[in-house]
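Novice: Got a file for you: target_39.csv, CSV, C-alpha atoms.
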```csv
chain,number,residue,atom,x,y,z
A,1,MET,CA,19.1,11.0,70.6
A,2,CYS,CA,18.2,12.2,67.2
A,3,LEU,CA,14.5,12.0,66.5
A,4,SER,CA,14.5,13.1,62.9
A,5,SER,CA,12.4,10.9,60.6
A,6,PRO,CA,14.2,7.9,59.0
A,7,LYS,CA,15.1,8.1,55.4
A,8,ASN,CA,12.2,6.7,53.3
A,9,THR,CA,14.2,4.2,51.2
A,10,ALA,CA,11.0,2.7,49.8
A,11,ALA,CA,10.0,6.0,48.3
A,12,ASP,CA,13.5,6.5,46.8
A,13,GLU,CA,13.5,3.0,45.3
A,14,ALA,CA,10.0,3.6,43.9
A,15,ALA,CA,11.1,6.9,42.4
A,16,LYS,CA,14.1,5.3,40.8
A,17,ALA,CA,12.1,2.4,39.4
A,18,GLU,CA,9.5,4.8,38.0
A,19,ALA,CA,12.1,6.9,36.3
A,20,GLU,CA,13.7,3.7,34.8
A,21,THR,CA,10.4,2.4,33.6
A,22,ARG,CA,9.5,5.7,32.0
A,23,ALA,CA,12.9,6.0,30.4
A,24,ARG,CA,12.7,2.5,28.9
A,25,GLU,CA,9.3,3.2,27.4
A,26,GLU,CA,10.6,6.5,26.0
A,27,LYS,CA,13.6,4.8,24.5
A,28,ARG,CA,11.4,2.1,23.0
A,29,GLN,CA,9.3,4.7,21.3
A,30,ALA,CA,12.3,6.7,20.1
A,31,ASP,CA,13.8,3.4,18.7
A,32,ILE,CA,10.5,2.7,16.8
A,33,THR,CA,10.5,6.2,15.4
A,34,ALA,CA,14.1,5.8,14.2
A,35,GLY,CA,13.2,2.4,12.8
A,36,LYS,CA,10.3,3.8,10.9
A,37,VAL,CA,12.6,6.5,9.4
A,38,ASN,CA,15.0,3.7,8.3
A,39,ILE,CA,12.3,1.7,6.7
A,40,ASP,CA,10.9,4.8,4.9
A,41,ASN,CA,14.4,5.7,3.6
A,42,ALA,CA,15.0,2.2,2.4
A,43,TYR,CA,11.7,2.2,0.5
A,44,ALA,CA,12.0,5.8,-0.7
A,45,THR,CA,13.1,4.5,-4.1
A,46,PHE,CA,9.6,3.0,-4.7
A,47,ASN,CA,7.9,6.1,-6.0
A,48,ASP,CA,5.8,6.9,-9.0
A,49,ASP,CA,8.9,7.2,-11.2
A,50,TYR,CA,10.0,3.8,-10.2
A,51,TYR,CA,6.7,2.2,-11.0
A,52,GLY,CA,6.5,4.1,-14.3
A,53,GLY,CA,10.0,2.8,-15.1
A,54,TYR,CA,8.9,-0.7,-14.3
A,55,LYS,CA,5.9,-0.4,-16.7
A,56,ASP,CA,8.3,0.9,-19.4
A,57,THR,CA,10.6,-2.0,-18.8
A,58,TYR,CA,7.7,-4.4,-19.1
A,59,THR,CA,6.4,-2.9,-22.3
A,60,GLY,CA,10.0,-2.6,-23.5
A,61,TYR,CA,10.4,-6.3,-23.1
A,62,TYR,CA,7.1,-7.4,-24.7
A,63,ASN,CA,6.4,-4.8,-27.4
A,64,PRO,CA,9.3,-5.9,-29.6
A,65,GLN,CA,8.1,-9.5,-29.3
A,66,VAL,CA,4.6,-8.4,-30.4
A,67,ASP,CA,6.2,-6.4,-33.2
A,68,ASP,CA,8.4,-9.3,-34.4
A,69,GLN,CA,5.4,-11.7,-34.3
A,70,TYR,CA,3.4,-9.2,-36.2
A,71,ALA,CA,6.0,-8.7,-38.9
A,72,GLN,CA,6.3,-12.5,-39.3
A,73,ALA,CA,2.6,-13.0,-39.4
A,74,LYS,CA,2.2,-10.2,-41.9
A,75,ASP,CA,4.7,-11.7,-44.2
A,76,LYS,CA,3.1,-15.1,-44.0
A,77,LEU,CA,-0.4,-13.7,-44.5
A,78,THR,CA,0.7,-11.5,-47.3
A,79,ALA,CA,2.3,-14.6,-49.0
A,80,ALA,CA,-0.8,-16.7,-48.4
A,81,LEU,CA,-3.2,-14.1,-49.7
A,82,THR,CA,-1.0,-13.3,-52.6
A,83,GLY,CA,-0.7,-17.0,-53.4
A,84,ARG,CA,-4.5,-17.1,-53.7
A,85,GLY,CA,-4.7,-13.9,-55.6
A,86,ILE,CA,-6.8,-12.2,-53.0
A,87,TYR,CA,-4.2,-9.9,-51.4
A,88,GLU,CA,-5.6,-6.8,-52.9
A,89,SER,CA,-9.2,-7.8,-52.5
A,90,SER,CA,-11.9,-7.2,-50.0
A,91,PRO,CA,-11.3,-10.5,-48.2
A,92,GLY,CA,-7.6,-9.9,-48.3
A,93,ILE,CA,-8.0,-6.4,-46.9
A,94,ALA,CA,-10.4,-7.8,-44.3
A,95,LYS,CA,-7.8,-10.4,-43.3
A,96,MET,CA,-5.1,-7.8,-43.1
A,97,ALA,CA,-7.4,-5.7,-41.0
A,98,GLU,CA,-7.9,-8.7,-38.7
A,99,LEU,CA,-4.1,-9.0,-38.5
A,100,ASP,CA,-3.8,-5.4,-37.5
A,101,LYS,CA,-6.6,-5.8,-35.0
A,102,THR,CA,-4.9,-8.8,-33.5
A,103,TYR,CA,-1.6,-6.8,-33.4
A,104,ASN,CA,-3.3,-3.9,-31.7
A,105,GLN,CA,-5.0,-6.2,-29.2
A,106,GLY,CA,-1.5,-7.7,-28.5
A,107,ARG,CA,-0.1,-4.2,-27.8
A,108,THR,CA,-3.2,-3.3,-25.8
A,109,GLN,CA,-2.8,-6.5,-23.7
A,110,VAL,CA,0.9,-5.7,-23.1
A,111,ALA,CA,0.1,-2.2,-21.9
A,112,ASN,CA,-2.7,-3.6,-19.7
A,113,ASP,CA,-0.5,-6.3,-18.3
A,114,ALA,CA,2.2,-3.7,-17.6
A,115,GLU,CA,-0.3,-1.8,-15.5
A,116,ALA,CA,-1.3,-5.0,-13.7
A,117,ALA,CA,2.3,-6.0,-13.2
A,118,SER,CA,3.2,-2.6,-11.8
A,119,ARG,CA,0.3,-2.8,-9.4
A,120,GLY,CA,1.4,-6.3,-8.4
A,121,LEU,CA,4.9,-5.0,-7.7
A,122,GLN,CA,3.5,-2.0,-5.7
A,123,SER,CA,1.3,-4.4,-3.8
A,124,SER,CA,4.4,-6.5,-2.9
A,125,VAL,CA,6.3,-3.4,-1.8
A,126,GLU,CA,3.4,-2.2,0.4
A,127,ASN,CA,2.9,-5.6,2.0
A,128,SER,CA,6.6,-5.9,2.7
A,129,LYS,CA,6.7,-2.4,4.2
A,130,THR,CA,3.7,-3.2,6.4
A,131,ASP,CA,5.4,-6.3,7.6
A,132,LEU,CA,8.5,-4.3,8.4
A,133,TYR,CA,6.5,-1.7,10.3
A,134,ALA,CA,5.0,-4.5,12.4
A,135,LEU,CA,8.4,-6.0,13.0
A,136,ASN,CA,9.8,-2.6,13.9
A,137,GLN,CA,7.1,-2.1,16.6
A,138,SER,CA,7.8,-5.6,18.0
A,139,SER,CA,11.6,-5.3,18.0
A,140,ALA,CA,12.2,-1.6,18.5
A,141,ASP,CA,15.7,-2.2,17.0
A,142,PRO,CA,16.3,0.6,14.5
A,143,GLU,CA,19.6,-0.7,13.2
A,144,GLY,CA,18.4,-4.2,12.8
A,145,ILE,CA,15.2,-3.1,11.1
A,146,GLY,CA,17.1,-0.7,8.9
A,147,SER,CA,19.4,-3.5,7.6
A,148,ARG,CA,16.4,-5.7,7.0
A,149,ALA,CA,14.5,-3.0,5.2
A,150,VAL,CA,17.5,-2.3,2.9
A,151,GLY,CA,17.8,-6.1,2.2
A,152,GLN,CA,14.1,-6.4,1.4
A,153,ALA,CA,14.0,-3.3,-0.7
A,154,THR,CA,17.0,-4.5,-2.7
A,155,ALA,CA,15.4,-7.9,-3.3
A,156,LEU,CA,12.1,-6.2,-4.4
A,157,ALA,CA,14.0,-3.8,-6.7
A,158,ALA,CA,16.0,-6.6,-8.4
A,159,PRO,CA,15.0,-7.2,-12.0
A,160,GLN,CA,12.4,-9.9,-12.3
A,161,SER,CA,12.3,-12.5,-15.0
A,162,PHE,CA,9.5,-12.2,-17.5
A,163,SER,CA,8.1,-15.2,-19.4
A,164,PRO,CA,8.4,-15.0,-23.2
A,165,LEU,CA,5.3,-14.0,-25.0
A,166,GLY,CA,3.1,-16.8,-26.4
A,167,SER,CA,2.0,-16.9,-30.0
A,168,LEU,CA,-0.4,-14.1,-30.8
A,169,PHE,CA,-1.2,-14.8,-34.4
A,170,ALA,CA,-1.5,-18.6,-34.5
A,171,GLY,CA,-5.2,-18.5,-34.6
A,172,LEU,CA,-5.3,-16.0,-37.4
A,173,LEU,CA,-2.8,-18.0,-39.5
A,174,SER,CA,-4.1,-21.4,-38.7
A,175,GLY,CA,-6.6,-21.3,-41.6
A,176,PHE,CA,-3.7,-21.2,-43.9
A,177,ALA,CA,-1.3,-23.6,-42.2
A,178,ASN,CA,-3.3,-26.7,-41.1
A,179,THR,CA,-4.0,-28.4,-44.3
A,180,GLY,CA,-1.7,-31.3,-44.1
A,181,GLN,CA,0.0,-30.5,-47.4
A,182,GLY,CA,3.5,-30.3,-46.1
A,183,GLY,CA,5.7,-29.2,-43.4
A,184,ALA,CA,5.8,-26.1,-41.4
A,185,GLY,CA,5.3,-22.9,-43.3
A,186,ASN,CA,3.1,-24.6,-45.9
A,187,LEU,CA,0.2,-22.3,-46.4
A,188,GLY,CA,-2.2,-25.1,-47.4
A,189,ASN,CA,-5.3,-24.8,-49.4
A,190,PRO,CA,-6.1,-21.6,-51.0
A,191,TYR,CA,-8.4,-19.4,-49.1
A,192,THR,CA,-11.9,-19.4,-50.4
A,193,SER,CA,-13.8,-16.3,-49.5
A,194,LYS,CA,-17.5,-16.4,-48.8
A,195,THR,CA,-17.6,-12.7,-49.5
A,196,PRO,CA,-17.9,-11.4,-53.0
A,197,SER,CA,-14.8,-9.6,-53.9
A,198,LEU,CA,-15.0,-6.0,-54.8
A,199,TYR,CA,-11.6,-5.8,-56.4
A,200,THR,CA,-11.0,-9.2,-58.0
A,201,ALA,CA,-14.0,-9.1,-60.3
A,202,SER,CA,-13.5,-10.0,-63.9
A,203,GLY,CA,-12.1,-7.3,-66.1
A,204,SER,CA,-8.8,-5.8,-66.5
A,205,GLY,CA,-7.4,-3.2,-64.3
A,206,SER,CA,-9.7,-3.7,-61.4
A,207,SER,CA,-7.0,-5.2,-59.3
A,208,SER,CA,-3.4,-5.9,-59.1
A,209,VAL,CA,-2.1,-9.1,-57.7
A,210,VAL,CA,1.4,-9.4,-56.5
A,211,ARG,CA,2.7,-12.9,-57.2
B,1,MET,CA,1.3,9.0,85.9
B,2,CYS,CA,-2.1,8.0,87.2
B,3,LEU,CA,-5.0,10.4,88.0
B,4,PRO,CA,-7.5,9.4,90.6
B,5,GLY,CA,-11.1,8.4,89.9
B,6,ALA,CA,-13.3,10.2,87.5
B,7,ALA,CA,-10.7,12.7,86.4
B,8,GLY,CA,-8.4,9.9,85.2
B,9,ALA,CA,-11.2,8.3,83.3
B,10,LEU,CA,-12.1,11.7,81.7
B,11,VAL,CA,-8.6,12.5,80.7
B,12,GLY,CA,-8.0,9.0,79.5
B,13,GLY,CA,-11.2,9.0,77.4
B,14,LEU,CA,-10.2,12.4,75.9
B,15,ALA,CA,-6.7,11.2,75.1
B,16,GLN,CA,-8.1,8.0,73.5
B,17,GLY,CA,-10.6,10.0,71.4
B,18,LEU,CA,-8.0,12.5,70.4
B,19,GLY,CA,-5.5,9.8,69.5
B,20,GLY,CA,-8.1,7.9,67.4
B,21,MET,CA,-9.1,11.1,65.6
B,22,MET,CA,-5.5,12.0,64.8
B,23,THR,CA,-4.9,8.5,63.4
B,24,ALA,CA,-8.0,8.7,61.3
B,25,GLN,CA,-7.0,12.1,60.0
B,26,GLU,CA,-3.5,10.9,59.1
B,27,ASP,CA,-4.9,7.9,57.3
B,28,GLN,CA,-7.3,10.1,55.4
B,29,LYS,CA,-4.6,12.5,54.4
B,30,ASN,CA,-2.4,9.6,53.4
B,31,ALA,CA,-5.1,8.1,51.3
B,32,ALA,CA,-5.7,11.5,49.6
B,33,ARG,CA,-2.0,11.8,48.9
B,34,ILE,CA,-1.9,8.4,47.3
B,35,ALA,CA,-5.0,9.0,45.3
B,36,LYS,CA,-3.6,12.3,44.1
B,37,ALA,CA,-0.3,10.7,43.2
B,38,ARG,CA,-1.9,7.9,41.3
B,39,ASN,CA,-4.2,10.3,39.5
B,40,GLU,CA,-1.3,12.5,38.5
B,41,ARG,CA,0.3,9.5,36.8
B,42,LEU,CA,-2.9,8.7,35.1
B,43,GLN,CA,-3.4,12.3,33.9
B,44,ALA,CA,0.2,12.4,32.7
B,45,ALA,CA,-0.3,9.2,30.7
B,46,LEU,CA,-3.5,10.5,29.2
B,47,LYS,CA,-1.8,13.8,28.3
B,48,ARG,CA,0.9,11.9,26.5
B,49,ASN,CA,-1.6,9.8,24.7
B,50,ASP,CA,-3.6,12.9,23.8
B,51,GLU,CA,-0.6,14.0,21.9
B,52,TYR,CA,-0.3,10.7,20.1
B,53,ALA,CA,-4.0,10.8,19.4
B,54,ALA,CA,-3.6,14.3,17.9
B,55,VAL,CA,-0.9,13.1,15.5
B,56,ALA,CA,-3.0,10.0,14.6
B,57,ARG,CA,-6.1,12.2,14.1
B,58,GLU,CA,-4.2,14.6,11.9
B,59,ARG,CA,-3.0,11.7,9.7
B,60,PHE,CA,-6.5,10.3,9.6
B,61,ASP,CA,-8.1,13.6,8.7
B,62,SER,CA,-5.5,14.1,5.9
B,63,ARG,CA,-6.4,10.7,4.5
B,64,ALA,CA,-10.1,11.4,4.9
B,65,ASP,CA,-9.6,14.6,2.9
B,66,GLU,CA,-8.0,12.6,0.1
B,67,GLN,CA,-11.2,10.5,0.1
B,68,ASP,CA,-13.6,13.4,0.2
B,69,PRO,CA,-16.6,12.6,-1.9
B,70,SER,CA,-16.1,15.7,-3.9
B,71,ARG,CA,-12.7,14.4,-4.9
B,72,GLN,CA,-13.7,10.8,-5.5
B,73,ASP,CA,-15.3,11.3,-8.9
B,74,ALA,CA,-12.5,13.5,-10.1
B,75,ASP,CA,-9.9,10.9,-8.9
B,76,LEU,CA,-11.8,8.0,-10.5
B,77,ASN,CA,-12.2,9.9,-13.8
B,78,LYS,CA,-8.5,10.7,-13.8
B,79,ASN,CA,-7.6,7.1,-13.2
B,80,LYS,CA,-9.9,6.0,-16.0
B,81,VAL,CA,-8.5,8.6,-18.5
B,82,ASP,CA,-4.9,8.0,-17.5
B,83,ALA,CA,-5.2,4.2,-17.8
B,84,GLY,CA,-7.0,4.5,-21.1
B,85,GLU,CA,-4.4,6.9,-22.6
B,86,THR,CA,-1.5,4.8,-21.3
B,87,ILE,CA,-2.9,1.7,-22.9
B,88,ALA,CA,-3.9,3.4,-26.1
B,89,SER,CA,-0.5,5.0,-26.4
B,90,ASN,CA,1.0,1.5,-26.7
B,91,ILE,CA,-0.9,0.9,-30.0
B,92,ALA,CA,1.4,1.6,-32.9
B,93,THR,CA,0.0,4.1,-35.3
B,94,PRO,CA,-0.4,2.4,-38.7
B,95,ASP,CA,1.2,3.7,-41.8
B,96,TYR,CA,-2.2,4.0,-43.5
B,97,GLU,CA,-1.1,6.9,-45.7
B,98,SER,CA,1.0,4.5,-47.7
B,99,GLY,CA,-1.5,1.7,-47.5
B,100,GLY,CA,0.8,-0.5,-45.5
B,101,ALA,CA,2.7,-3.2,-47.3
B,102,ILE,CA,0.5,-3.2,-50.4
B,103,SER,CA,2.3,-3.0,-53.6
B,104,GLY,CA,3.0,0.3,-55.3
B,105,SER,CA,1.2,-0.9,-58.4
B,106,ALA,CA,-2.1,-1.4,-56.7
B,107,PRO,CA,-4.9,0.8,-57.9
B,108,PRO,CA,-5.7,3.9,-55.9
B,109,ILE,CA,-9.0,2.5,-54.9
B,110,VAL,CA,-7.4,-0.6,-53.5
B,111,ARG,CA,-4.8,1.4,-51.6
B,112,SER,CA,-7.5,3.7,-50.4
B,113,ALA,CA,-9.6,0.8,-49.2
B,114,LEU,CA,-6.7,-0.8,-47.4
B,115,ALA,CA,-5.8,2.5,-45.8
B,116,LYS,CA,-9.3,3.1,-44.7
B,117,SER,CA,-9.5,-0.4,-43.3
B,118,MET,CA,-6.2,0.1,-41.4
B,119,LEU,CA,-7.4,3.4,-40.1
B,120,ASP,CA,-10.8,2.0,-39.0
B,121,THR,CA,-9.0,-0.9,-37.2
B,122,PHE,CA,-6.6,1.6,-35.5
B,123,GLN,CA,-9.5,3.7,-34.4
B,124,LYS,CA,-11.5,0.8,-33.1
B,125,SER,CA,-8.5,-0.6,-31.3
B,126,THR,CA,-7.8,2.7,-29.8
B,127,GLY,CA,-11.4,2.9,-28.6
B,128,GLN,CA,-11.2,-0.6,-27.2
B,129,ALA,CA,-7.9,0.3,-25.4
B,130,LYS,CA,-9.5,3.4,-23.9
B,131,ALA,CA,-12.5,1.3,-22.8
B,132,LEU,CA,-10.2,-1.3,-21.3
B,133,GLY,CA,-8.3,1.5,-19.6
B,134,ALA,CA,-11.5,3.0,-18.3
B,135,LEU,CA,-12.4,-0.4,-16.8
B,136,GLY,CA,-9.0,-0.7,-15.3
B,137,GLY,CA,-9.3,2.8,-14.0
B,138,TYR,CA,-11.7,1.5,-11.4
B,139,SER,CA,-9.1,-1.1,-10.3
B,140,ASP,CA,-6.5,1.6,-10.2
B,141,TYR,CA,-8.7,3.8,-8.2
B,142,TRP,CA,-9.4,1.2,-5.6
B,143,PHE,CA,-5.9,0.0,-5.6
B,144,ASN,CA,-4.6,3.6,-4.9
B,145,GLN,CA,-7.2,4.0,-2.2
B,146,GLY,CA,-6.0,0.8,-0.6
B,147,VAL,CA,-2.4,1.9,-0.8
B,148,GLY,CA,-3.3,5.3,0.8
B,149,ASN,CA,-5.3,3.6,3.5
B,150,THR,CA,-2.6,1.1,4.3
B,151,SER,CA,0.0,3.8,4.5
B,152,ALA,CA,-2.2,5.8,6.9
B,153,GLY,CA,-3.0,2.7,8.9
B,154,ARG,CA,0.8,2.1,9.3
B,155,ASP,CA,1.4,5.6,10.6
B,156,ILE,CA,-1.6,5.6,12.9
B,157,GLY,CA,-0.6,2.1,14.1
B,158,ILE,CA,2.7,3.5,15.4
B,159,GLN,CA,0.9,6.2,17.4
B,160,ASN,CA,-1.5,3.5,18.8
B,161,ASP,CA,1.5,1.4,19.8
B,162,PHE,CA,3.0,4.3,21.7
B,163,ALA,CA,-0.3,4.9,23.5
B,164,ARG,CA,-0.5,1.2,24.3
B,165,GLY,CA,3.0,1.4,25.6
B,166,ASN,CA,2.2,4.3,27.9
B,167,MET,CA,-0.9,2.5,29.2
B,168,SER,CA,0.9,-0.7,29.8
B,169,ILE,CA,3.4,0.9,32.2
B,170,LEU,CA,0.8,3.1,33.8
B,171,PRO,CA,-0.2,0.6,36.6
B,172,TYR,CA,3.4,0.3,37.6
B,173,GLU,CA,3.9,4.0,37.5
B,174,GLN,CA,0.9,4.4,39.8
B,175,ASP,CA,2.1,1.7,42.2
B,176,TYR,CA,5.5,3.5,42.3
B,177,ALA,CA,3.7,6.8,42.9
B,178,GLU,CA,1.7,5.3,45.7
B,179,VAL,CA,4.9,4.1,47.5
B,180,GLN,CA,6.4,7.6,47.1
B,181,ALA,CA,3.2,9.3,48.3
B,182,ASN,CA,2.7,7.0,51.2
B,183,LYS,CA,3.5,8.6,54.5
B,184,PRO,CA,3.6,6.3,57.6
B,185,ARG,CA,1.5,7.4,60.6
B,186,SER,CA,3.3,9.8,62.9
B,187,GLY,CA,2.5,7.5,65.9
B,188,ILE,CA,1.3,10.4,68.0
B,189,GLY,CA,-2.3,9.3,67.6
B,190,GLY,CA,-1.5,5.8,68.7
B,191,LEU,CA,0.6,7.1,71.6
B,192,LEU,CA,-2.3,9.2,72.8
B,193,SER,CA,-4.7,6.3,72.5
B,194,GLY,CA,-2.4,4.1,74.5
B,195,LEU,CA,-1.9,6.8,77.1
B,196,GLY,CA,-5.6,7.3,77.3
B,197,GLY,CA,-6.1,3.6,77.9
B,198,PHE,CA,-3.5,3.7,80.6
B,199,LEU,CA,-5.2,6.6,82.4
B,200,GLY,CA,-8.6,5.2,82.0
```
Once more with this new file: its structure as structure tokens, please.

Specialist:
Amino acid sequence: MCLSSPKNTAADEAAKAEAETRAREEKRQADITAGKVNIDNAYATFNDDYYGGYKDTYTGYYNPQVDDQYAQAKDKLTAALTGRGIYESSPGIAKMAELDKTYNQGRTQVANDAEAASRGLQSSVENSKTDLYALNQSSADPEGIGSRAVGQATALAAPQSFSPLGSLFAGLLSGFANTGQGGAGNLGNPYTSKTPSLYTASGSGSSSVVR
Amino acid sequence: MCLPGAAGALVGGLAQGLGGMMTAQEDQKNAARIAKARNERLQAALKRNDEYAAVARERFDSRADEQDPSRQDADLNKNKVDAGETIASNIATPDYESGGAISGSAPPIVRSALAKSMLDTFQKSTGQAKALGALGGYSDYWFNQGVGNTSAGRDIGIQNDFARGNMSILPYEQDYAEVQANKPRSGIGGLLSGLGGFLG
């Protein structure tokens, strides 16, 4: 009769189960690492150059609108001031300076808004990436998360629609337009300056009025 | 086999004692093996987690360096200047040399006054733009800090997830290790005890 100890099948099963458990956890971690790489690759396009380009696109869209409105407002103001004979006077110059100031404020606002819009986009990108990282850790499915990352990155990178710019110079021109003397474009009552004019005083040659 | 009288009782008692001692020793050794095996799994898990912690710590330290107090002022100032210059650069430089759209027949003093006015306006607007940019620089700074922190948090979160994964399977690994380390009693101690009882 053989008295050798019987084979410990429980120990063998335990060793096998332990190896499987460890292997599954290691695979899960490797999948998460691969998923992270896929997400990072999909979002690699969102770098400083991308956000800089986005700001340029933003200003490129709004600057011409500001410029157009400025040109139109300048024509209207010039006509209005000329019509009152104060274009080349202190009040006229002050009004033109106010026009320029409003124009500069418009361009300043556009640049500032471009910065804010860029930060908003970057914030969306970062939030999206954070969500994907969380999903990646839950799913440990590198291919699935890679596809999803590419889809989201594409959606984020798609051109966004911008609202047209509102009227920048309406307030400046309203003093010349709202007089009830006619239709649109009527410049209304002549402007009456409360400031003594330096250049429209009596006497020849002190000013030149374009009519 | 039976021994007569006192000799049988003596031998029986000795055999029982020896059997009990052997059983106790085997139990103790088995418990020690199990404890050692469980501890080995724990140490292995902690070692793996130490490696994850080292990666996470390196990422954290790198991020902390970026937020070093000595760099904060410089970074903030850079954000303020950059934002100011970016915004100011969007202001169109006026054609104040020509006096803008004023007619060519205007007296020099008028043209000069208009040019001066345009230049003043431009300079004031540029100053305002830079001031606005400086104000926005604070937002940019905190935003950039937030982005950096979020990114570091994501990376550290993955290492934490791996560590949690290791710890979550640790109890099972220890149970499996216990089964592998467990060695049944040899039976000799029990046999001696039984024989001792018989003799006694």

Novice: Quick check, in Å to one decimal: how far apart do atom CA of Phe162 of chain B and atom CA of Glu126 of chain A lie?

Specialist: 22.3 Å

Novice: Kindly provide, as a list in words, the residues of chain B having any atom no farther than 6 Å from an atom of chain A, counting all atoms listed in the file.

Specialist: Ile87, Asn90, Ile91, Ala106, Leu114, Met118, Thr121, Ala129, Glu173, Tyr176, Val179 and Gln180 of chain B

Novice: One decimal, in Å: what's the spacing between atom CA of Ala74 of chain B and atom CA of Asn144 of chain B?

Specialist: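 Computing it gives 13.7 Å between the two atoms.
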
Novice: Please indicate the distance in Å from atom CA of Tyr43 of chain A to atom CA of Ala149 of chain A, rounded to one decimal place.

Specialist: 7.5 Å

Novice: Of the residues B:Pro69, B:Pro184, B:Ala83, B:Thr126, which is the one nearest to Tyr141 of chain B, using only C-alpha atoms?

Specialist: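 Going through B:Pro69, B:Pro184, B:Ala83, B:Thr126 one by one, the smallest distance to Tyr141 of chain B is for B:Ala83.
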
Novice: List the spatial neighbours of Ala35 of chain B as a ChimeraX atom specification - criterion: any atom at most 8 Å away, all atoms listed in the file, same-chain residues fewer than 4 positions off excluded.

Specialist: /B:31,39,178
